[in-house]
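Remarks on the structure that follows.
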Amino acid sequence: MDAIRIYGGKCLDGQTRIQGSKNASLPVLAATLLIKGTCEIENCPEISDVYHMLRLLESLGCKVTREGTLVRVNTEQVSECDMPADSVGVMRSSIMLLGALLARVGSVKMDYPGGCVIGARPINLHLQSLRNMGVAVEEGEGGFSACVNRLKGASHRLPFISVGVTENLILAAVLAEGTTVIEPAAGEPEIQTLCEFLQQAGAKIEGIGSDRLTIHGVERLFPVRFRIPADRIVAGTYLAACMCAGGRVFLQDTPRHHMESVLACAGQMGAKLKFEPDGMLVTCRTKPTGCESLVTGCYPAFPTDLQSLFMVVMSVSGRQGWIEETVFENRFRIVPELRKMGADITVYKNRAYVGGRGRLHGAVVQAEELRGGAALVAASLAAEGTSIVTNRHYIDRGYEDIVLSLRELGAEIELA
Ligand code: EPZ
């Protein structure tokens, strides 16, 4: 049952609610370590990456309770600093606990989080930047240990923009001695959400949403109740699914202001978008018109996490085009699987050239990572005939229940 069966070739018609953001929840949950007491996090998605983060927090001494999407984290008893290898290995986002743990307990021991199929995902810049804040880092074969008496504010001039490094430095800086400047800082909505959470708890942060963040260390932060915004990548996933299959769907809670580049691209490709106070109505009565080129980049450019989904939209459009991936070195992994469905795609270095065949047929295809897996499901909705997408567990890392959500949108889809 680790697969999904889709009966494709049918238009969508229905509505679904967009879940809370995975990439906002994870750093906010890590940030609770900085706050003695109980934080309440609303709209936390019920996905396996959040499950692993909560298990990690418990392994560090936190008391975690969950009522649906409301998560309570009490950190009074945090003492541990030895991260359990199995959880670190399962979820590379554990690296974002580094900054918070150094601020809270002053030492961390953990295995290297490792890469994944989309790239090597090194952590060199994380460790180098924390060294600038007075952290002593000992690197070994399979992991490292880090310790510091009290983190010192520093000015960081980063060689490139990194979401994870920006998050780790924010978490290390809010209780540090003195002022920290991060430049260029990532400006993704998830970073803004993390800063808003910390400000609500008493942190002093300037430049939120810009590429230069200034953080003045404070003595203490205070417990808060905070709501996670809707997930822009999940909203973009179901938007792309409707563009592939055709039809009319209402995506409740769509965070339209976090996804301007995606909405602009969808509009240029023929999707009719109507915004209501509680969501977005998507109407796709004709095939997508395709687009000549698509280049991923740091926010607010087109997000790398939706690159695979829009590759499928381009494959269905029947118009030639190319996609350039500028963030990760190996994020065209779904191309061989899409070729099994009849797609005409050629990869050369960091560009994928999509041909104009415009028709897909059902096949058995294999998910190898989270967003590529979701893209194969979207392709199966457009394909004539039945498809099976295996390795569903990758998709469950970031989507609460993709089968239920797409069934609510009118798809003929089931666990297999
Ligand atoms: C975050 O990953 C997201 N993950 C990714 O989403 C997202 O694709 C990525 O940001 C870019 O937006 C979470 O938020 C949990 P980076 P992160 O550091 O922080 C290189 C998903 O599907 N780099 O901005 O790991 C790195 O290899 C996931 O939800 C170094 O070289 O991304 C990459 O090429 C996938 N050394 C580039 O920087 C370092 O020390 C940007 O990565 C750190 C990063």
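Residues are referred to by chain and number: the chain letter is A, B, ... according to the order shown in the structure tokens, the number counts from 1 in that chain, and ligands are numbered separately from 1 in the order shown.
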
Given 6 Å and only C-alpha atoms and all ligand atoms, residues near ligand 1 as number ranges by chain
A: 23, 93, 120-126, 162-165, 304-305, 327-328, 370-371

Need to verify the contact set: Ile182 of chain A, 10 Å, only C-alpha atoms, exclusion of same-chain residues closer than 2 positions in sequence. Can you return it as an MDAnalysis selection string?
chainID A and resid 129 154:158 165:166 169:170 173 180 184:186 207 211:215

File dump, residues just selected, C-alpha atoms, as an mmCIF file, in the first residue's frame:
data_model
loop_
_atom_site.group_PDB
_atom_site.id
_atom_site.type_symbol
_atom_site.label_atom_id
_atom_site.label_comp_id
_atom_site.auth_asym_id
_atom_site.auth_seq_id
_atom_site.Cartn_x
_atom_site.Cartn_y
_atom_site.Cartn_z
ATOM 1 C CA SER A 129 28.705 30.815 9.908
ATOM 2 C CA ALA A 154 28.381 38.742 14.229
ATOM 3 C CA SER A 155 28.065 40.286 10.777
ATOM 4 C CA HIS A 156 27.669 37.536 8.164
ATOM 5 C CA ARG A 157 28.348 38.235 4.496
ATOM 6 C CA LEU A 158 27.174 34.954 2.957
ATOM 7 C CA VAL A 165 21.545 28.905 6.870
ATOM 8 C CA THR A 166 19.413 32.043 7.254
ATOM 9 C CA LEU A 169 21.565 32.075 12.070
ATOM 10 C CA ILE A 170 18.294 33.717 13.104
ATOM 11 C CA ALA A 173 21.188 35.234 17.034
ATOM 12 C CA THR A 180 23.901 39.955 14.223
ATOM 13 C CA PRO A 184 22.243 38.313 1.820
ATOM 14 C CA ALA A 185 19.443 36.763 3.875
ATOM 15 C CA ALA A 186 16.853 34.477 2.264
ATOM 16 C CA GLY A 207 14.525 43.959 7.832
ATOM 17 C CA ASP A 211 17.880 40.492 1.981
ATOM 18 C CA ARG A 212 19.457 42.087 5.069
ATOM 19 C CA LEU A 213 18.344 40.994 8.530
ATOM 20 C CA THR A 214 19.536 42.721 11.720
ATOM 21 C CA ILE A 215 18.957 40.886 14.989
#

### Task
Give me every strand (DSSP E) residue in segment 33-188 of chain A, going by DSSP on the backbone, as number ranges by chain.
A: 38-42, 63-67, 70-74, 107-111, 136-139, 143-147, 155-157, 179-183

Checklist line | Shell of 9 Å around Leu57 of chain A, only C-alpha atoms, local chain residues under 3 positions omitted, as a ChimeraX atom specification | finding: /A:29-30,33,52-54,60-64,73,75,78,97

I need the chosen residues saved as a CSV table (one decimal), in the first residue's frame, with C-alpha atoms.
chain,number,residue,atom,x,y,z
A,29,LEU,CA,9.0,24.1,16.0
A,30,ALA,CA,12.8,24.3,16.2
A,33,LEU,CA,13.6,25.3,22.0
A,52,HIS,CA,9.9,13.4,12.9
A,53,MET,CA,10.6,17.0,14.2
A,54,LEU,CA,8.3,16.4,17.1
A,60,LEU,CA,15.8,16.4,23.6
A,61,GLY,CA,13.5,16.5,26.7
A,62,CYS,CA,10.5,18.5,25.4
A,63,LYS,CA,6.9,17.5,26.3
A,64,VAL,CA,4.9,17.4,23.0
A,73,VAL,CA,5.6,22.1,23.0
A,75,THR,CA,10.6,22.9,26.7
A,78,VAL,CA,15.3,20.4,27.7
A,97,LEU,CA,17.8,22.5,15.4

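Comparing A:Leu34, A:Cys147, A:Ala85, A:Val377 by their smallest distance to Arg220 of chain A, the closest is A:Leu34 (using only C-alpha atoms).
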
note - atom CA of Arg232 of chain A and atom CA of Leu70 of chain A are separated by 19.6 Å

Sorted by chain and rising residue number, list the residues of segment 181-236 of chain A at most 10 Å from segment 297-302 of chain A (counting only C-alpha atoms), each with its closest atom pair and distance in Å to one decimal, as CSV.
residue,atom,partner,partner_atom,distance
A:Ala186,CA,A:Cys298,CA,7.3
A:Gly187,CA,A:Tyr299,CA,6.0
A:Glu188,CA,A:Tyr299,CA,5.2
A:Pro189,CA,A:Tyr299,CA,8.1
A:Gly209,CA,A:Tyr299,CA,9.7

Problem set entry | Members of segment 87-324 of chain A assigned helix (DSSP H, G or I) by DSSP, as a PyMOL selection string | chain A and resi 87-90+92-104+124-131+163-173+189-200+232-245+256-258+260-268+304-317

Phe197 of chain A proximity check over A:Val224, A:Leu360, A:Val137, A:Met96, using only C-alpha atoms: winner is A:Val224
